[in-house]
Amino acid sequence: MARIYKRGQKWTFLVESGKTKDGKRVRTSKGGFKTRKDAQQAAYEYEINMLNKYNDVTITKVTLYDFMYNDWYPYHSKYIKASSGYTLLSHLKRINKYFGPEIKITKITTNDCLNFRSYLQNELKIRRSTSIVTFSYFKRIMNYAANKKNIISIDPAEKIFLEAQTNDERYSLFKLNIHKKFYIEESDLKIVLKKIDSISKNNIRDYEKVMITKIMLNTGLRIGETLSLTWDDIDIENNTISVKKNIVCVKGEYVSQSPKTKSSLRDVSVSSKFMKELSEYRYLLYDFKQTRFTWDNSFNLVFPSLDKIKGGLPMRLNTYRKWLKTLLIDYPKLDYIHPHIFRHTHASLLLQAGANVIDVAKRLGHSTSRITEAIYIHLTRKQDIGLADKIESVLK
């Protein structure tokens, strides 16, 4: 859409017609119109003329690369989160790697789409779920070109789909998941708790990570949700923690956005004992801040970076991940423990205590109870094995 503005006594229109490959905007302006209406009419005629030229001549010259990055991506980015846009670029990079920057979008055939699907399925060493997402974006791009922009008369990818898993793949995944640990076993959890309880509160750098671990075990929060908590989210009086946002780093900039799903917005209750411990940690953090020459107070985070230069800014996930790995380095059998498993462990402890699957799913912020049910199935499978052992001992 053209921009109409007054320059001196005359009116001018400005039309944006795209971007160059290096991301610079291409603009055209024309002035000297006596009235705003004259400028609007001239802008309209210019845009129509530009569109006709695009359809009649340029259309055959439009590459998939140009259309994907300069037309479809800016359009699609309006409807997704900033962090999702960053992830989306990795899928577009995968598409571009296969087709290259020179192929004309009008030259892409159904056979090309089939070959691209085969490439994602068989040649790239990526998860099937990732392949499906990449191919779905490719289909959206081609659909947009055919049905929104009319650059191509027929969508060559319309009737091509990248199926989920074959029966063989499902069976292979099933065998793999039989041995996969969804939560921390009781004996292993005792080791973890003993390790974190041995850490002194005077060592604020380590103690902060201890509190991150405890808050995930006590609430089932995701690691991203935990690192995004601010002190405004902590209700000491009512013993609740509110999950309202996720703070993510996109191209070096920190962005506050809504949580993973609508159901992720929630208030999680904790015990008064844990809330007291969290309050004590807050005082320790405050004392530490007073010793720093530089500290960014704009975020008011519960678990900020304690770095000399980036103090107060959001902590990077990798900082906690490395700390956890170092903490358990002397226990090779615990190498399966990662940040997200504390969330599943929280669910398993509630289920073992007799909590309802649906209630646990709501507490975790799941839109469905599918993941909670998977944890429950693993628990019951373990219990069933225990019952089998009891029968065996009786029959002996």
# chains A, B, ... in the order shown; residues from 1 in each chain; ligands from 1
$ select_by_dssp --residues "stretch 122-240 of chain A" --states "alpha helix (DSSP H)" --output "count of residues only"
65
$ residues_around --residues "stretch 149-163 of chain A" --least-positions-apart "3" --cutoff "9 Å" --atoms "only C-alpha atoms" --output "MDAnalysis selection string"
chainID A and resid 54:55 59:60 62 105:106 108:114 117:118 120:121 131:132 135:136 138:139 142:146 166
$ write_last_selection --atoms "N, CA, C and O atoms" --output "short mmCIF file (atom, residue, chain, number, x, y, z; two decimals), in the first residue's frame"
data_model
loop_
_atom_site.label_atom_id
_atom_site.label_comp_id
_atom_site.auth_asym_id
_atom_site.auth_seq_id
_atom_site.Cartn_x
_atom_site.Cartn_y
_atom_site.Cartn_z
N TYR A 54 4.63 -7.12 -13.38
CA TYR A 54 5.10 -8.27 -12.57
C TYR A 54 4.48 -9.56 -13.08
O TYR A 54 5.15 -10.57 -13.25
N ASN A 55 3.16 -9.51 -13.34
CA ASN A 55 2.45 -10.70 -13.80
C ASN A 55 2.83 -11.09 -15.21
O ASN A 55 2.94 -12.26 -15.54
N ILE A 59 7.17 -12.18 -13.72
CA ILE A 59 6.72 -13.44 -13.10
C ILE A 59 7.60 -14.61 -13.49
O ILE A 59 7.91 -15.47 -12.70
N THR A 60 8.01 -14.64 -14.76
CA THR A 60 8.84 -15.75 -15.23
C THR A 60 10.26 -15.66 -14.70
O THR A 60 11.00 -16.61 -14.76
N VAL A 62 10.94 -14.56 -11.48
CA VAL A 62 10.95 -14.65 -10.02
C VAL A 62 11.52 -16.00 -9.58
O VAL A 62 11.02 -17.06 -9.97
N ILE A 105 10.49 -19.97 -9.79
CA ILE A 105 9.39 -20.63 -9.11
C ILE A 105 8.42 -21.26 -10.11
O ILE A 105 7.77 -22.26 -9.83
N THR A 106 8.33 -20.68 -11.32
CA THR A 106 7.43 -21.22 -12.35
C THR A 106 7.97 -22.52 -12.95
O THR A 106 7.24 -23.24 -13.64
N ILE A 108 9.31 -25.01 -11.15
CA ILE A 108 9.23 -26.12 -10.19
C ILE A 108 8.06 -27.03 -10.57
O ILE A 108 6.91 -26.58 -10.68
N THR A 109 8.35 -28.30 -10.76
CA THR A 109 7.33 -29.27 -11.19
C THR A 109 6.93 -30.19 -10.03
O THR A 109 7.57 -30.20 -8.97
N THR A 110 5.90 -30.97 -10.28
CA THR A 110 5.47 -31.95 -9.29
C THR A 110 6.58 -32.95 -9.00
O THR A 110 6.78 -33.38 -7.86
N ASN A 111 7.33 -33.31 -10.05
CA ASN A 111 8.45 -34.23 -9.89
C ASN A 111 9.53 -33.64 -8.99
O ASN A 111 10.13 -34.34 -8.17
N ASP A 112 9.76 -32.32 -9.12
CA ASP A 112 10.73 -31.63 -8.24
C ASP A 112 10.28 -31.71 -6.78
O ASP A 112 11.08 -31.91 -5.87
N CYS A 113 8.97 -31.56 -6.57
CA CYS A 113 8.41 -31.61 -5.21
C CYS A 113 8.56 -33.01 -4.63
O CYS A 113 8.88 -33.18 -3.44
N LEU A 114 8.34 -34.02 -5.47
CA LEU A 114 8.50 -35.41 -5.02
C LEU A 114 9.94 -35.71 -4.65
O LEU A 114 10.23 -36.37 -3.65
N ARG A 117 10.77 -34.10 -1.36
CA ARG A 117 10.23 -34.92 -0.27
C ARG A 117 11.15 -36.10 0.01
O ARG A 117 11.44 -36.42 1.16
N SER A 118 11.60 -36.75 -1.04
CA SER A 118 12.51 -37.89 -0.88
C SER A 118 13.83 -37.47 -0.24
O SER A 118 14.39 -38.18 0.60
N LEU A 120 14.28 -34.98 1.87
CA LEU A 120 14.04 -34.76 3.30
C LEU A 120 13.92 -36.08 4.06
O LEU A 120 14.42 -36.21 5.18
N GLN A 121 13.26 -37.05 3.43
CA GLN A 121 13.02 -38.34 4.08
C GLN A 121 14.27 -39.19 4.21
O GLN A 121 14.51 -39.82 5.24
N SER A 131 11.45 -32.97 9.24
CA SER A 131 11.22 -33.07 7.80
C SER A 131 9.79 -32.67 7.44
O SER A 131 9.55 -31.97 6.46
N ILE A 132 8.85 -33.12 8.25
CA ILE A 132 7.43 -32.82 8.01
C ILE A 132 7.18 -31.32 8.09
O ILE A 132 6.48 -30.75 7.25
N PHE A 135 8.72 -29.56 5.02
CA PHE A 135 7.93 -29.78 3.81
C PHE A 135 6.59 -29.03 3.88
O PHE A 135 6.10 -28.55 2.86
N SER A 136 6.03 -28.92 5.06
CA SER A 136 4.77 -28.19 5.20
C SER A 136 4.97 -26.70 4.89
O SER A 136 4.10 -26.06 4.29
N PHE A 138 7.24 -25.55 2.81
CA PHE A 138 7.41 -25.52 1.35
C PHE A 138 6.05 -25.53 0.66
O PHE A 138 5.80 -24.77 -0.29
N LYS A 139 5.14 -26.37 1.15
CA LYS A 139 3.80 -26.43 0.59
C LYS A 139 3.06 -25.10 0.78
O LYS A 139 2.34 -24.64 -0.12
N MET A 142 4.36 -22.58 -1.83
CA MET A 142 3.84 -22.85 -3.17
C MET A 142 2.35 -22.54 -3.26
O MET A 142 1.86 -22.01 -4.27
N ASN A 143 1.61 -22.82 -2.19
CA ASN A 143 0.18 -22.50 -2.15
C ASN A 143 -0.03 -20.99 -2.19
O ASN A 143 -0.94 -20.49 -2.87
N TYR A 144 0.81 -20.27 -1.47
CA TYR A 144 0.73 -18.80 -1.45
C TYR A 144 1.02 -18.22 -2.83
O TYR A 144 0.36 -17.28 -3.28
N ALA A 145 2.00 -18.82 -3.51
CA ALA A 145 2.36 -18.36 -4.86
C ALA A 145 1.24 -18.60 -5.85
O ALA A 145 0.98 -17.79 -6.74
N ALA A 146 0.52 -19.74 -5.67
CA ALA A 146 -0.54 -20.10 -6.62
C ALA A 146 -1.86 -19.42 -6.32
O ALA A 146 -2.52 -18.89 -7.23
N THR A 166 6.18 -44.64 9.02
CA THR A 166 5.77 -45.94 8.49
C THR A 166 5.64 -46.90 9.67
O THR A 166 6.10 -46.61 10.78
#
$ residues_around --residues "stretch 236-245 of chain A" --least-positions-apart "4" --cutoff "10 Å" --atoms "only C-alpha atoms" --output "ChimeraX atom specification"
/A:215,219,221-222,224-226,228-232,255-260,262,264-276,278-279,365
$ atom_distance --atom1 "atom CA of A:Tyr183" --atom2 "atom CA of A:His366"
16.7 Å
$ closest_atom_pairs --of "stretch 189-223 of chain A" --to "stretch 330-337 of chain A" --cutoff "10 Å" --atoms "only C-alpha atoms" --output "tab-separated table"
residue	atom	partner	partner_atom	distance
A:Leu189	CA	A:Leu334	CA	9.4
A:Ile191	CA	A:Tyr331	CA	9.0
A:Val192	CA	A:Leu334	CA	8.9
$ residues_around --residues "A:Ser84" --least-positions-apart "4" --cutoff "12 Å" --atoms "only C-alpha atoms" --output "count of residues only"
18
$ select_by_dssp --residues "stretch 121-368 of chain A" --states "strand (DSSP E)" --output "PyMOL selection string"
chain A and resi 234-235+240-243+246-250+253-257+266-269
$ write_last_selection --atoms "N, CA, C and O atoms" --output "PDB file, in the first residue's frame"
ATOM      1  N   ILE A 234       5.952 -13.897  41.435  1.00  0.00           N
ATOM      2  CA  ILE A 234       5.987 -14.663  42.683  1.00  0.00           C
ATOM      3  C   ILE A 234       5.037 -14.023  43.708  1.00  0.00           C
ATOM      4  O   ILE A 234       5.245 -12.886  44.133  1.00  0.00           O
ATOM      5  N   ASP A 235       4.003 -14.758  44.061  1.00  0.00           N
ATOM      6  CA  ASP A 235       3.036 -14.279  45.057  1.00  0.00           C
ATOM      7  C   ASP A 235       3.333 -14.987  46.379  1.00  0.00           C
ATOM      8  O   ASP A 235       2.873 -16.110  46.626  1.00  0.00           O
ATOM      9  N   THR A 240       1.878 -18.824  45.307  1.00  0.00           N
ATOM     10  CA  THR A 240       1.668 -19.194  43.902  1.00  0.00           C
ATOM     11  C   THR A 240       2.732 -18.553  43.015  1.00  0.00           C
ATOM     12  O   THR A 240       3.286 -17.492  43.343  1.00  0.00           O
ATOM     13  N   ILE A 241       2.985 -19.215  41.906  1.00  0.00           N
ATOM     14  CA  ILE A 241       3.906 -18.710  40.893  1.00  0.00           C
ATOM     15  C   ILE A 241       3.125 -18.614  39.585  1.00  0.00           C
ATOM     16  O   ILE A 241       2.505 -19.585  39.151  1.00  0.00           O
ATOM     17  N   SER A 242       3.150 -17.438  38.965  1.00  0.00           N
ATOM     18  CA  SER A 242       2.398 -17.215  37.730  1.00  0.00           C
ATOM     19  C   SER A 242       3.304 -17.360  36.520  1.00  0.00           C
ATOM     20  O   SER A 242       4.396 -16.783  36.467  1.00  0.00           O
ATOM     21  N   VAL A 243       2.840 -18.141  35.546  1.00  0.00           N
ATOM     22  CA  VAL A 243       3.560 -18.296  34.271  1.00  0.00           C
ATOM     23  C   VAL A 243       2.849 -17.415  33.256  1.00  0.00           C
ATOM     24  O   VAL A 243       1.718 -17.684  32.868  1.00  0.00           O
ATOM     25  N   ASN A 246       7.545 -15.852  28.152  1.00  0.00           N
ATOM     26  CA  ASN A 246       8.841 -16.458  27.871  1.00  0.00           C
ATOM     27  C   ASN A 246       9.750 -15.361  27.349  1.00  0.00           C
ATOM     28  O   ASN A 246       9.356 -14.610  26.456  1.00  0.00           O
ATOM     29  N   ILE A 247      10.938 -15.241  27.907  1.00  0.00           N
ATOM     30  CA  ILE A 247      11.906 -14.275  27.400  1.00  0.00           C
ATOM     31  C   ILE A 247      12.900 -15.042  26.536  1.00  0.00           C
ATOM     32  O   ILE A 247      13.548 -15.969  27.003  1.00  0.00           O
ATOM     33  N   VAL A 248      12.985 -14.660  25.276  1.00  0.00           N
ATOM     34  CA  VAL A 248      13.865 -15.365  24.344  1.00  0.00           C
ATOM     35  C   VAL A 248      14.846 -14.378  23.720  1.00  0.00           C
ATOM     36  O   VAL A 248      14.590 -13.177  23.656  1.00  0.00           O
ATOM     37  N   CYS A 249      15.973 -14.898  23.277  1.00  0.00           N
ATOM     38  CA  CYS A 249      16.988 -14.085  22.614  1.00  0.00           C
ATOM     39  C   CYS A 249      16.891 -14.334  21.114  1.00  0.00           C
ATOM     40  O   CYS A 249      17.094 -15.458  20.645  1.00  0.00           O
ATOM     41  N   VAL A 250      16.549 -13.301  20.378  1.00  0.00           N
ATOM     42  CA  VAL A 250      16.428 -13.397  18.917  1.00  0.00           C
ATOM     43  C   VAL A 250      17.409 -12.422  18.289  1.00  0.00           C
ATOM     44  O   VAL A 250      17.280 -11.204  18.441  1.00  0.00           O
ATOM     45  N   GLU A 253      18.849  -9.859  20.597  1.00  0.00           N
ATOM     46  CA  GLU A 253      17.893  -8.998  21.308  1.00  0.00           C
ATOM     47  C   GLU A 253      16.990  -9.862  22.180  1.00  0.00           C
ATOM     48  O   GLU A 253      16.518 -10.915  21.743  1.00  0.00           O
ATOM     49  N   TYR A 254      16.740  -9.412  23.406  1.00  0.00           N
ATOM     50  CA  TYR A 254      15.852 -10.147  24.308  1.00  0.00           C
ATOM     51  C   TYR A 254      14.408  -9.722  24.068  1.00  0.00           C
ATOM     52  O   TYR A 254      14.088  -8.536  24.094  1.00  0.00           O
ATOM     53  N   VAL A 255      13.554 -10.709  23.807  1.00  0.00           N
ATOM     54  CA  VAL A 255      12.156 -10.448  23.483  1.00  0.00           C
ATOM     55  C   VAL A 255      11.264 -11.190  24.469  1.00  0.00           C
ATOM     56  O   VAL A 255      11.439 -12.382  24.715  1.00  0.00           O
ATOM     57  N   SER A 256      10.295 -10.475  25.030  1.00  0.00           N
ATOM     58  CA  SER A 256       9.309 -11.100  25.924  1.00  0.00           C
ATOM     59  C   SER A 256       8.083 -11.452  25.095  1.00  0.00           C
ATOM     60  O   SER A 256       7.497 -10.595  24.433  1.00  0.00           O
ATOM     61  N   GLN A 257       7.716 -12.719  25.096  1.00  0.00           N
ATOM     62  CA  GLN A 257       6.568 -13.154  24.316  1.00  0.00           C
ATOM     63  C   GLN A 257       5.702 -14.095  25.143  1.00  0.00           C
ATOM     64  O   GLN A 257       6.083 -14.522  26.225  1.00  0.00           O
ATOM     65  N   ARG A 266      -0.736 -19.890  33.381  1.00  0.00           N
ATOM     66  CA  ARG A 266      -1.319 -20.557  34.545  1.00  0.00           C
ATOM     67  C   ARG A 266      -0.688 -20.063  35.839  1.00  0.00           C
ATOM     68  O   ARG A 266       0.393 -19.455  35.822  1.00  0.00           O
ATOM     69  N   ASP A 267      -1.363 -20.324  36.940  1.00  0.00           N
ATOM     70  CA  ASP A 267      -0.825 -20.091  38.281  1.00  0.00           C
ATOM     71  C   ASP A 267      -0.560 -21.445  38.917  1.00  0.00           C
ATOM     72  O   ASP A 267      -1.442 -22.315  38.933  1.00  0.00           O
ATOM     73  N   VAL A 268       0.644 -21.619  39.442  1.00  0.00           N
ATOM     74  CA  VAL A 268       1.039 -22.899  40.043  1.00  0.00           C
ATOM     75  C   VAL A 268       1.276 -22.698  41.535  1.00  0.00           C
ATOM     76  O   VAL A 268       2.044 -21.819  41.938  1.00  0.00           O
ATOM     77  N   SER A 269       0.619 -23.496  42.336  1.00  0.00           N
ATOM     78  CA  SER A 269       0.770 -23.387  43.790  1.00  0.00           C
ATOM     79  C   SER A 269       2.014 -24.144  44.261  1.00  0.00           C
ATOM     80  O   SER A 269       2.408 -25.145  43.660  1.00  0.00           O
TER      81      SER A 269
END
